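*Asks:* So I've got this file, data.cif, and it contains mmCIF, C-alpha atoms:
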data_start
loop_
_atom_site.label_atom_id
_atom_site.label_comp_id
_atom_site.auth_asym_id
_atom_site.auth_seq_id
_atom_site.Cartn_x
_atom_site.Cartn_y
_atom_site.Cartn_z
CA MET Q 1 33.99 -33.17 65.12
CA LEU Q 2 37.49 -32.14 66.14
CA LEU Q 3 38.44 -32.89 62.56
CA ASP Q 4 36.38 -29.98 61.26
CA ARG Q 5 38.77 -27.31 62.50
CA PHE Q 6 41.68 -29.06 60.77
CA PHE Q 7 39.70 -29.45 57.53
CA GLU Q 8 38.84 -25.75 57.27
CA LYS Q 9 41.89 -24.51 55.34
CA GLY Q 10 41.66 -27.29 52.76
CA ARG Q 11 37.89 -26.89 52.46
CA GLN Q 12 38.20 -23.20 51.74
CA PHE Q 13 40.87 -23.73 49.10
CA LEU Q 14 39.41 -26.73 47.26
CA GLY Q 15 35.74 -25.97 47.81
CA CYS Q 16 34.93 -29.53 48.89
CA GLN Q 17 33.76 -30.97 52.20
CA ILE Q 18 36.71 -33.27 52.88
CA PRO Q 19 40.17 -32.06 51.71
CA ILE Q 20 41.27 -35.44 50.43
CA MET Q 21 42.53 -35.34 46.86
CA CYS Q 22 42.73 -38.27 44.48
CA GLY Q 23 46.04 -38.02 42.68
CA ALA Q 24 45.84 -37.71 38.90
CA MET Q 25 46.68 -41.15 37.52
CA THR Q 26 46.85 -41.53 33.74
CA TRP Q 27 44.39 -44.18 32.45
CA VAL Q 28 42.94 -44.34 35.98
CA SER Q 29 41.59 -40.91 36.97
CA ASP Q 30 38.70 -40.82 34.50
CA PRO Q 31 35.51 -38.69 34.74
CA LYS Q 32 33.66 -41.41 36.64
CA LEU Q 33 36.27 -41.77 39.39
CA VAL Q 34 36.68 -37.98 39.62
CA SER Q 35 32.92 -37.43 39.90
CA HIS Q 36 32.60 -40.18 42.53
CA MET Q 37 35.32 -38.42 44.55
CA GLY Q 38 33.20 -35.28 44.54
CA ARG Q 39 30.08 -37.14 45.65
CA CYS Q 40 32.01 -38.55 48.61
CA GLY Q 41 33.06 -35.04 49.59
CA GLY Q 42 36.60 -35.26 48.26
CA PHE Q 43 38.42 -33.66 45.35
CA GLY Q 44 39.25 -35.50 42.13
CA LEU Q 45 41.85 -34.61 39.51
CA LEU Q 46 41.62 -35.48 35.84
CA ALA Q 47 44.96 -36.60 34.43
CA GLY Q 48 46.12 -34.60 31.41
CA GLY Q 49 49.00 -37.00 30.78
CA ASN Q 50 49.72 -37.33 27.06
CA ALA Q 51 46.06 -36.88 26.10
CA PRO Q 52 45.30 -34.94 22.90
CA ILE Q 53 43.40 -31.76 23.71
CA ASP Q 54 40.14 -33.01 22.18
CA VAL Q 55 40.25 -36.05 24.47
CA LEU Q 56 41.01 -33.98 27.58
CA ARG Q 57 38.34 -31.43 26.64
CA ALA Q 58 35.78 -34.25 26.31
CA GLU Q 59 36.76 -35.61 29.74
CA ILE Q 60 36.32 -32.18 31.35
CA GLU Q 61 32.92 -31.76 29.69
CA GLU Q 62 31.84 -35.27 30.72
CA THR Q 63 32.88 -34.69 34.34
CA ARG Q 64 30.95 -31.43 34.43
CA SER Q 65 27.89 -33.14 32.94
CA ILE Q 66 27.73 -35.93 35.53
CA SER Q 67 28.69 -33.95 38.64
CA ASP Q 68 28.32 -30.42 39.94
CA LYS Q 69 31.12 -30.93 42.47
CA PRO Q 70 34.47 -29.14 42.14
CA PHE Q 71 37.42 -30.94 40.55
CA GLY Q 72 40.77 -30.06 39.02
CA VAL Q 73 42.97 -30.92 36.05
CA ASN Q 74 46.57 -32.12 36.34
CA LEU Q 75 48.96 -31.15 33.53
CA ILE Q 76 52.35 -32.75 32.90
CA THR Q 77 54.68 -29.91 31.90
CA ILE Q 78 56.92 -32.22 29.83
CA ALA Q 79 54.05 -33.81 27.86
CA PRO Q 80 54.14 -33.17 24.09
CA ALA Q 81 50.66 -31.58 24.14
CA TYR Q 82 51.24 -29.56 27.32
CA GLN Q 83 51.05 -26.06 25.82
CA GLU Q 84 47.86 -26.90 23.95
CA GLN Q 85 46.40 -28.49 27.08
CA LEU Q 86 47.21 -25.41 29.16
CA ALA Q 87 45.57 -23.08 26.64
CA MET Q 88 42.49 -25.29 26.56
CA VAL Q 89 41.99 -25.63 30.33
CA CYS Q 90 42.42 -21.87 30.71
CA GLU Q 91 39.83 -21.32 27.99
CA MET Q 92 37.45 -23.73 29.77
CA ARG Q 93 38.03 -21.91 33.07
CA CYS Q 94 38.87 -24.99 35.11
CA ARG Q 95 38.63 -24.37 38.85
CA VAL Q 96 41.99 -25.87 39.84
CA ILE Q 97 45.04 -26.49 37.66
CA VAL Q 98 47.84 -28.67 39.01
CA PHE Q 99 51.27 -28.49 37.37
CA ALA Q 100 53.32 -31.69 37.56
CA GLY Q 101 56.27 -33.30 35.82
CA SER Q 102 58.76 -30.43 36.11
CA ILE Q 103 58.76 -26.74 37.09
CA PRO Q 104 56.23 -24.65 35.15
CA ARG Q 105 57.32 -21.26 33.86
CA GLU Q 106 56.23 -18.25 35.88
CA ASN Q 107 54.17 -16.90 32.96
CA GLU Q 108 52.34 -20.25 32.76
CA ILE Q 109 51.37 -20.02 36.43
CA GLN Q 110 50.17 -16.45 35.89
CA ARG Q 111 48.28 -17.46 32.75
CA ALA Q 112 46.41 -20.12 34.69
CA LYS Q 113 45.61 -17.71 37.52
CA GLU Q 114 44.38 -15.04 35.09
CA SER Q 115 41.86 -17.58 33.76
CA GLY Q 116 40.36 -17.74 37.25
CA ALA Q 117 41.98 -21.03 38.28
CA ARG Q 118 43.70 -21.74 41.54
CA VAL Q 119 47.16 -23.15 40.90
CA ILE Q 120 48.81 -26.02 42.76
CA CYS Q 121 52.39 -27.11 42.11
CA PHE Q 122 54.32 -30.14 43.30
CA ALA Q 123 57.27 -29.40 45.56
CA PRO Q 124 59.72 -32.34 45.67
CA THR Q 125 62.43 -30.29 47.44
CA ASP Q 126 62.51 -27.32 49.82
CA GLN Q 127 64.33 -25.09 47.31
CA LEU Q 128 61.65 -25.68 44.69
CA ALA Q 129 58.88 -25.04 47.22
CA LEU Q 130 60.20 -21.56 47.97
CA LYS Q 131 60.82 -20.83 44.29
CA LEU Q 132 57.29 -21.86 43.31
CA ILE Q 133 55.78 -19.66 46.02
CA LYS Q 134 57.74 -16.67 44.67
CA MET Q 135 56.50 -17.55 41.18
CA GLY Q 136 52.92 -17.25 42.39
CA THR Q 137 51.58 -20.73 43.03
CA ASP Q 138 48.47 -20.67 45.24
CA ALA Q 139 49.23 -23.95 47.03
CA LEU Q 140 51.79 -26.76 47.15
CA ILE Q 141 51.67 -30.53 47.20
CA LEU Q 142 54.58 -32.07 49.07
CA GLU Q 143 54.98 -35.46 47.46
CA GLY Q 144 57.46 -37.75 49.14
CA SER Q 145 59.47 -40.36 47.31
CA GLU Q 146 57.23 -43.05 48.88
CA ALA Q 147 54.54 -42.12 46.35
CA GLY Q 148 53.72 -44.03 43.19
CA GLY Q 149 54.32 -43.00 39.58
CA HIS Q 150 56.72 -40.14 38.88
CA ILE Q 151 58.40 -39.15 42.13
CA GLY Q 152 60.86 -36.69 43.62
CA PRO Q 153 64.07 -37.50 45.51
CA VAL Q 154 63.06 -36.73 49.13
CA SER Q 155 60.86 -38.64 51.58
CA LEU Q 156 57.70 -37.05 52.96
CA THR Q 157 58.99 -37.08 56.53
CA VAL Q 158 61.90 -34.84 55.52
CA LEU Q 159 59.75 -32.56 53.33
CA ILE Q 160 57.38 -32.05 56.26
CA GLN Q 161 60.24 -30.82 58.44
CA GLN Q 162 61.77 -28.67 55.71
CA ILE Q 163 58.62 -27.09 54.28
CA LEU Q 164 55.42 -27.79 56.20
CA PHE Q 165 56.95 -26.69 59.51
CA ASN Q 166 58.42 -23.52 58.01
CA VAL Q 167 55.96 -22.24 55.40
CA ASP Q 168 52.56 -20.78 56.19
CA SER Q 169 52.06 -18.37 53.27
CA VAL Q 170 50.14 -20.92 51.12
CA PRO Q 171 48.08 -24.04 51.87
CA ILE Q 172 50.18 -27.18 51.78
CA PHE Q 173 48.81 -30.61 50.89
CA VAL Q 174 50.87 -33.75 51.47
CA ALA Q 175 51.22 -37.00 49.54
CA GLY Q 176 53.30 -40.15 49.55
CA GLY Q 177 52.82 -43.29 51.61
CA ILE Q 178 49.47 -42.22 53.10
CA ALA Q 179 46.71 -44.82 53.40
CA THR Q 180 45.01 -44.47 56.79
CA GLY Q 181 42.84 -42.00 58.65
CA ARG Q 182 45.11 -42.18 61.66
CA MET Q 183 48.05 -40.97 59.57
CA MET Q 184 45.87 -38.26 58.04
CA ALA Q 185 44.97 -36.99 61.52
CA HIS Q 186 48.62 -36.52 62.44
CA LEU Q 187 49.45 -34.80 59.15
CA LEU Q 188 46.56 -32.37 59.62
CA MET Q 189 47.67 -31.63 63.17
CA MET Q 190 51.15 -30.89 61.82
CA GLY Q 191 49.65 -28.19 59.63
CA ALA Q 192 48.71 -29.87 56.34
CA ALA Q 193 45.67 -28.39 54.58
CA GLY Q 194 44.76 -31.86 53.35
CA ILE Q 195 46.18 -35.02 51.84
CA GLN Q 196 46.48 -36.63 48.43
CA MET Q 197 46.30 -40.37 47.84
CA GLY Q 198 46.38 -42.45 44.67
CA THR Q 199 47.23 -46.06 45.44
CA ARG Q 200 44.47 -46.39 48.05
CA PHE Q 201 41.83 -45.17 45.59
CA VAL Q 202 42.90 -47.68 42.95
CA MET Q 203 41.48 -50.22 45.41
CA SER Q 204 37.99 -48.69 45.28
CA GLU Q 205 35.09 -50.44 43.58
CA GLU Q 206 34.51 -47.34 41.45
CA CYS Q 207 38.04 -47.37 40.02
CA ALA Q 208 37.72 -48.92 36.55
CA VAL Q 209 41.19 -50.48 36.23
CA HIS Q 210 41.60 -54.08 35.12
CA PRO Q 211 40.69 -56.58 37.89
CA GLN Q 212 44.15 -58.12 37.68
CA PHE Q 213 45.68 -54.71 38.41
CA LYS Q 214 43.74 -54.51 41.67
CA GLU Q 215 44.52 -58.11 42.56
CA THR Q 216 48.24 -57.46 42.05
CA PHE Q 217 47.98 -54.45 44.36
CA ARG Q 218 46.10 -56.53 46.94
CA ARG Q 219 48.89 -59.10 47.12
CA ALA Q 220 51.80 -56.64 47.02
CA LYS Q 221 54.04 -55.72 49.94
CA ALA Q 222 55.37 -52.19 50.55
CA ARG Q 223 58.89 -53.28 49.55
CA ASP Q 224 57.64 -54.47 46.14
CA ALA Q 225 57.09 -50.85 45.00
CA VAL Q 226 60.54 -49.79 43.81
CA ALA Q 227 61.89 -46.67 42.11
CA THR Q 228 63.59 -46.81 38.72
CA PRO Q 229 67.26 -45.75 38.58
CA GLN Q 230 68.82 -43.07 36.38
CA PHE Q 231 71.79 -44.48 34.46
CA ASP Q 232 73.26 -41.31 32.97
CA SER Q 233 72.87 -37.59 33.75
CA ARG Q 234 72.62 -36.90 30.02
CA LEU Q 235 69.19 -38.52 30.14
CA PRO Q 236 67.64 -36.92 33.26
CA VAL Q 237 64.63 -39.19 33.64
CA ILE Q 238 62.20 -38.63 36.50
CA PRO Q 239 62.19 -41.76 38.68
CA VAL Q 240 59.01 -43.84 38.62
CA ARG Q 241 57.88 -45.99 41.54
CA ALA Q 242 56.09 -49.16 40.49
CA LEU Q 243 55.78 -52.82 41.36
CA LYS Q 244 58.80 -54.58 39.92
CA ASN Q 245 58.16 -56.82 36.89
CA VAL Q 246 59.54 -57.49 33.40
CA GLY Q 247 58.40 -54.03 32.34
CA THR Q 248 60.73 -52.46 34.91
CA ASN Q 249 63.66 -54.24 33.25
CA GLU Q 250 62.43 -53.14 29.82
CA PHE Q 251 62.66 -49.53 30.96
CA GLY Q 252 66.28 -50.08 31.96
CA LYS Q 253 67.02 -51.36 28.46
CA LEU Q 254 65.23 -48.37 26.93
CA GLN Q 255 67.41 -45.96 28.91
CA LEU Q 256 70.60 -47.66 27.71
CA HIS Q 257 69.33 -47.58 24.11
CA LEU Q 258 68.50 -43.87 24.33
CA ILE Q 259 71.86 -43.04 25.94
CA GLN Q 260 73.58 -44.76 23.01
CA LYS Q 261 71.49 -42.71 20.56
CA LEU Q 262 72.43 -39.54 22.44
CA GLU Q 263 76.11 -40.49 22.13
CA ASN Q 264 75.67 -41.07 18.39
CA LYS Q 265 73.75 -37.79 18.09
CA THR Q 266 70.83 -39.55 16.39
CA ILE Q 267 68.40 -38.12 18.93
CA ASP Q 268 68.35 -34.96 21.03
CA ARG Q 269 67.74 -34.75 24.76
CA VAL Q 270 64.17 -33.43 24.49
CA GLU Q 271 63.10 -36.18 22.12
CA ALA Q 272 64.79 -38.77 24.35
CA GLN Q 273 62.73 -37.55 27.31
CA TYR Q 274 59.57 -37.74 25.19
CA GLU Q 275 60.48 -41.33 24.32
CA VAL Q 276 60.70 -42.10 28.04
CA GLU Q 277 57.26 -40.58 28.69
CA ARG Q 278 55.74 -42.42 25.73
CA PHE Q 279 57.12 -45.66 27.14
CA TRP Q 280 55.49 -45.07 30.53
CA MET Q 281 52.13 -44.01 29.12
CA GLY Q 282 52.01 -47.08 26.85
CA ALA Q 283 53.19 -49.47 29.54
CA LEU Q 284 50.70 -48.04 32.01
CA LYS Q 285 47.83 -48.52 29.55
CA ASN Q 286 48.94 -52.12 29.00
CA ALA Q 287 48.57 -52.81 32.72
CA VAL Q 288 45.60 -50.62 33.70
CA VAL Q 289 43.41 -51.22 30.65
CA ASP Q 290 44.60 -54.51 29.15
CA GLY Q 291 45.64 -56.34 32.32
CA ASP Q 292 49.24 -57.11 31.30
CA MET Q 293 50.82 -57.65 34.70
CA LYS Q 294 54.08 -58.92 33.23
CA LYS Q 295 55.23 -56.10 30.96
CA GLY Q 296 52.78 -53.34 31.85
CA SER Q 297 53.68 -50.58 34.27
CA LEU Q 298 52.29 -51.24 37.75
CA MET Q 299 52.73 -47.73 39.15
CA ALA Q 300 52.14 -47.88 42.91
CA GLY Q 301 53.29 -46.13 46.05
CA GLN Q 302 54.76 -47.95 49.03
CA SER Q 303 51.35 -47.58 50.68
CA VAL Q 304 50.33 -50.51 48.45
CA GLY Q 305 51.36 -52.63 51.44
CA LEU Q 306 48.44 -51.08 53.36
CA ALA Q 307 45.87 -51.25 50.56
CA ASP Q 308 44.81 -54.88 50.76
CA LYS Q 309 41.02 -54.57 50.45
CA ILE Q 310 38.71 -53.48 47.64
CA LEU Q 311 36.02 -51.24 49.13
CA PRO Q 312 33.35 -48.83 47.87
CA LEU Q 313 34.80 -45.34 47.59
CA GLN Q 314 32.34 -44.07 50.20
CA GLY Q 315 33.52 -46.85 52.51
CA ILE Q 316 37.13 -45.69 52.11
CA PHE Q 317 36.12 -42.11 52.92
CA ASP Q 318 34.07 -43.19 55.95
CA GLU Q 319 36.99 -45.23 57.26
CA LEU Q 320 39.49 -42.40 56.76
CA VAL Q 321 37.29 -39.79 58.45
CA ASN Q 322 36.18 -42.04 61.32
CA ASP Q 323 39.70 -43.23 62.05
CA ALA Q 324 41.08 -39.69 61.90
CA GLU Q 325 38.42 -38.39 64.28
CA THR Q 326 38.97 -41.32 66.65
CA GLU Q 327 42.71 -40.58 66.73
CA MET Q 328 42.14 -36.91 67.44
CA GLN Q 329 39.69 -37.72 70.23
CA ARG Q 330 42.18 -40.21 71.69
CA LEU Q 331 44.95 -37.64 71.77
CA SER Q 332 42.62 -34.97 73.15
CA LYS Q 333 41.66 -37.17 76.09
CA MET Q 334 45.26 -38.20 76.64
CA PHE Q 335 46.61 -34.64 76.90
CA PHE Q 336 43.69 -32.52 78.07
CA ASN Q 337 41.64 -34.70 80.45
#
Could you render the structure from this file as structure tokens?

*Replies:*
Amino acid sequence: MLLDRFFEKGRQFLGCQIPIMCGAMTWVSDPKLVSHMGRCGGFGLLAGGNAPIDVLRAEIEETRSISDKPFGVNLITIAPAYQEQLAMVCEMRCRVIVFAGSIPRENEIQRAKESGARVICFAPTDQLALKLIKMGTDALILEGSEAGGHIGPVSLTVLIQQILFNVDSVPIFVAGGIATGRMMAHLLMMGAAGIQMGTRFVMSEECAVHPQFKETFRRAKARDAVATPQFDSRLPVIPVRALKNVGTNEFGKLQLHLIQKLENKTIDRVEAQYEVERFWMGALKNAVVDGDMKKGSLMAGQSVGLADKILPLQGIFDELVNDAETEMQRLSKMFFN
């Protein structure tokens, strides 16, 4: 396949056959979904989220027990248990550690690497991409603002031009708004080592979210996935992209309440940010696990407008690979025949 030559860099880095990563989604990316990703040739990520270390340890052990395929662990650097989680995953010698949420400290990146892990960091802007490379990250994920969940401020099309076209010192994976093999083919030809998707994999049969969650995704349009605003710089919340519902409005009210508490000095900035994260983790559980489509958090990328079928995970992989290869063959014939 023509695709093989474009897969090589991602294959070498991740150790899997197909360099397609499943984004770490709290309450979604469980050991079963992660292990199924490996069986399909892809690369799954367990979501550290706000999980206590005993829970995350059990998930790592379970994933290892049901699959011998490589996988990684995603840690949120602003989570209350982050430092304990980092110590634990280093102790367990996880193959890949992904830092998300905010910028990890340089000594944390080095600590992860010294444990034998390969480190991946999210780069939401070009300045951060260059800084993270200097700090020692082994690879980057460019995540555009089209993505679901916590997002950065810049679209993927701009990040590609700023970073992917100008950086070749580390493998670069791309995420945000991707749902088709044809799009994957073009991103690989632009130099990406692989892609990451989340929303599309929610629509797999193996994804154990509440049926109503999938049905809501199936009916949604791209424009329904909106980003939350920041009301005050004193409370620097990371925007979250989700399908708009009553829960989205509840988050707006929470921000105003926390800003008032900051003004009254009844809460500090760190605790206010923790309150925001606790809100999202609880609201996400309400939707993903309990099926509350009204007040729960329906985190989704704008690619939700392209994810309108529930398919077996292997079927999604087959479609992505076949469509990518078909696109590459089409372009090859167009320009070289």

*Asks:* Suppose a student applies the PyMOL selection byres ((chain Q and resi 37-43) around 9) to this structure; what residues should they get, written as a list in words?

*Replies:* Leu14, Gly15, Cys16, Gln17, Ile18, Pro19, Ile20, Met21, Cys22, Lys32, Leu33, Val34, Ser35, His36, Gly44, Leu45, Ser67, Asp68, Lys69, Pro70, Phe71, Gly72, Leu313, Gln314, Phe317 and Asp318 of chain Q

*Asks:* Hey, what comes out of the PyMOL selection byres ((chain Q and resi 79) around 10) on this file? Could you write it as a list in words?

*Replies:*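 Selected by the PyMOL selection byres ((chain Q and resi 79) around 10) in this file: Gly48, Gly49, Asn50, Ala51, Leu75, Ile76, Thr77, Ile78, Pro80, Ala81, Tyr82, Gln83, Gln85, Ala100, Gly101, Gln273, Tyr274, Glu277 and Arg278 of chain Q.
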
*Asks:* Please evaluate the PyMOL selection byres ((chain Q and resi 280) around 10) against the structure above and give the resulting residues as a list in words.

*Replies:* Thr26, Gly149, His150, Val240, Gly247, Phe251, Tyr274, Glu275, Val276, Glu277, Arg278, Phe279, Met281, Gly282, Ala283, Leu284, Lys285, Asn286, Gly296, Ser297 and Met299 of chain Q

*Asks:* Find the residues around Q:Val304 up to 7 Å (only C-alpha atoms counted), leave out those fewer than 4 positions away in its own chain, and share them as a compact mmCIF listing (two decimals) with C-alpha atoms, in the coordinates of the input.

*Replies:*
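Saved the output as selection32.txt:
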# COMPACT_ATOMS: atom_id res chain seq x y z
CA THR Q 199 47.23 -46.06 45.44
CA PHE Q 217 47.98 -54.45 44.36
CA ALA Q 220 51.80 -56.64 47.02
CA LYS Q 221 54.04 -55.72 49.94
CA ALA Q 222 55.37 -52.19 50.55
CA ALA Q 300 52.14 -47.88 42.91

*Asks:* Could you list, as an NGL selection string, every residue within 10 Å of Q:Phe231, counting all atoms listed in the file and ignoring same-chain residues fewer than 3 positions away?

*Replies:* :Q and (228 or 234-237 or 252 or 255-256 or 259)

*Asks:* Within 7 Å of Q:Ala185, counting all atoms listed in the file, which residues qualify if same-chain residues fewer than 6 places away don't, as a PDB file with C-alpha atoms, in the frame of the given file?

*Replies:*
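The resulting file, result33.pdb, is shown below:
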ATOM      1  CA  ALA Q 324      41.080 -39.690  61.900  1.00  0.00           C
ATOM      2  CA  GLU Q 327      42.710 -40.580  66.730  1.00  0.00           C
ATOM      3  CA  MET Q 328      42.140 -36.910  67.440  1.00  0.00           C
TER       4      MET Q 328
END

*Asks:* Using all atoms of stretch 206-216 of chain Q that appear in the file, construct an axis-aligned enclosing box with 6 Å of padding on every side and provide its centre coordinates and edge lengths in Å, rounded to one decimal, as JSON.

*Replies:*
{"center_x": 41.4, "center_y": -52.7, "center_z": 38.8, "size_x": 25.7, "size_y": 22.8, "size_z": 19.4}

*Asks:* For the point (37.7, -50.0, 45.7) in file coordinates, what residues are within 9 Å, counting all atoms listed in the file? Give the answer as a PyMOL selection string?

*Replies:* chain Q and resi 200-207+214+309-313+315-316

*Asks:* Just want the 10 Å neighbourhood of Q:Met197, counted on all atoms listed in the file, with same-chain residues fewer than 5 positions away dropped. Output as a PDB file with C-alpha atoms, in the coordinates of the input.

*Replies:*
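The file below, part34.pdb, is the result:
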ATOM      1  CA  ILE Q  20      41.270 -35.440  50.430  1.00  0.00           C
ATOM      2  CA  MET Q  21      42.530 -35.340  46.860  1.00  0.00           C
ATOM      3  CA  CYS Q  22      42.730 -38.270  44.480  1.00  0.00           C
ATOM      4  CA  GLY Q  23      46.040 -38.020  42.680  1.00  0.00           C
ATOM      5  CA  ALA Q  24      45.840 -37.710  38.900  1.00  0.00           C
ATOM      6  CA  GLU Q 143      54.980 -35.460  47.460  1.00  0.00           C
ATOM      7  CA  ALA Q 147      54.540 -42.120  46.350  1.00  0.00           C
ATOM      8  CA  GLY Q 148      53.720 -44.030  43.190  1.00  0.00           C
ATOM      9  CA  VAL Q 174      50.870 -33.750  51.470  1.00  0.00           C
ATOM     10  CA  ALA Q 175      51.220 -37.000  49.540  1.00  0.00           C
ATOM     11  CA  GLY Q 176      53.300 -40.150  49.550  1.00  0.00           C
ATOM     12  CA  GLY Q 177      52.820 -43.290  51.610  1.00  0.00           C
ATOM     13  CA  ILE Q 178      49.470 -42.220  53.100  1.00  0.00           C
ATOM     14  CA  ALA Q 179      46.710 -44.820  53.400  1.00  0.00           C
ATOM     15  CA  THR Q 180      45.010 -44.470  56.790  1.00  0.00           C
ATOM     16  CA  VAL Q 202      42.900 -47.680  42.950  1.00  0.00           C
ATOM     17  CA  GLY Q 301      53.290 -46.130  46.050  1.00  0.00           C
ATOM     18  CA  SER Q 303      51.350 -47.580  50.680  1.00  0.00           C
TER      19      SER Q 303
END

*Asks:* Which residues, written as a PyMOL selection string, have at least one atom at most 12 Å from Q:Ile160, with only C-alpha atoms counted and residues fewer than 5 positions away on the same chain left out?

*Replies:* chain Q and resi 123-126+129+140-144+154-155+165-167+172-176+186-192

*Asks:* One decimal, in Å: what's the spacing between atom CA of Q:Gly291 and atom CA of Q:Leu320?

*Replies:*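 Atom-to-atom, atom CA of Q:Gly291 and atom CA of Q:Leu320 are spaced 28.8 Å apart.
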
*Asks:* What is the atom CA of Q:Glu250 to atom CA of Q:Ala225 distance in Å?

*Replies:* 16.3 Å

*Asks:* What gap, in Å, lies between atom CA of Q:Gln329 and atom CA of Q:Gln12?

*Replies:*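 Result for atom CA of Q:Gln329 versus atom CA of Q:Gln12: 23.6 Å, one decimal.
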
*Asks:* When distances are computed from only C-alpha atoms, which of Q:Cys121, Q:Met184, Q:Leu164, Q:Leu2 shows the smallest separation from Q:Asp323?

*Replies:*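 Going through Q:Cys121, Q:Met184, Q:Leu164, Q:Leu2 one by one, the smallest distance to Q:Asp323 is for Q:Met184.
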
*Asks:* When you count all atoms listed in the file, which of these residues is closest to Q:Ser29: Q:Ile163, Q:Ala208, Q:Met1, Q:Leu258?

*Replies:*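 For Q:Ser29, the nearest of the given residues is Q:Ala208.
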
*Asks:* Since the input has fewer atoms than a full residue there, write stretch 243-248 of chain Q out with all heavy atoms, as a compact mmCIF listing (two decimals), keeping the file's coordinate frame.

*Replies:*
# COMPACT_ATOMS: atom_id res chain seq x y z
N LEU Q 243 55.50 -51.44 40.97
CA LEU Q 243 55.78 -52.82 41.36
C LEU Q 243 56.72 -53.44 40.33
O LEU Q 243 56.49 -53.34 39.12
CB LEU Q 243 54.49 -53.63 41.45
CG LEU Q 243 53.45 -53.10 42.44
CD1 LEU Q 243 52.20 -53.98 42.41
CD2 LEU Q 243 54.01 -53.02 43.85
N LYS Q 244 57.77 -54.07 40.82
CA LYS Q 244 58.80 -54.58 39.92
C LYS Q 244 58.26 -55.76 39.11
O LYS Q 244 57.66 -56.68 39.65
CB LYS Q 244 60.03 -55.01 40.72
CG LYS Q 244 61.18 -55.41 39.83
CD LYS Q 244 62.50 -55.47 40.59
CE LYS Q 244 63.59 -55.88 39.63
NZ LYS Q 244 64.89 -55.39 39.98
N ASN Q 245 58.52 -55.72 37.79
CA ASN Q 245 58.16 -56.82 36.89
C ASN Q 245 59.06 -56.75 35.66
O ASN Q 245 60.04 -56.00 35.64
CB ASN Q 245 56.67 -56.76 36.51
CG ASN Q 245 56.30 -55.51 35.73
OD1 ASN Q 245 57.14 -54.64 35.48
ND2 ASN Q 245 55.05 -55.41 35.33
N VAL Q 246 58.72 -57.50 34.63
CA VAL Q 246 59.54 -57.49 33.40
C VAL Q 246 59.57 -56.10 32.78
O VAL Q 246 60.59 -55.67 32.23
CB VAL Q 246 58.99 -58.52 32.39
CG1 VAL Q 246 59.72 -58.40 31.05
CG2 VAL Q 246 59.13 -59.94 32.95
N GLY Q 247 58.46 -55.38 32.90
CA GLY Q 247 58.40 -54.03 32.34
C GLY Q 247 59.42 -53.10 32.95
O GLY Q 247 59.96 -52.21 32.28
N THR Q 248 59.71 -53.28 34.24
CA THR Q 248 60.73 -52.46 34.91
C THR Q 248 62.09 -52.68 34.25
O THR Q 248 62.84 -51.73 34.01
CB THR Q 248 60.82 -52.83 36.40
OG1 THR Q 248 59.51 -52.84 36.96
CG2 THR Q 248 61.68 -51.83 37.15
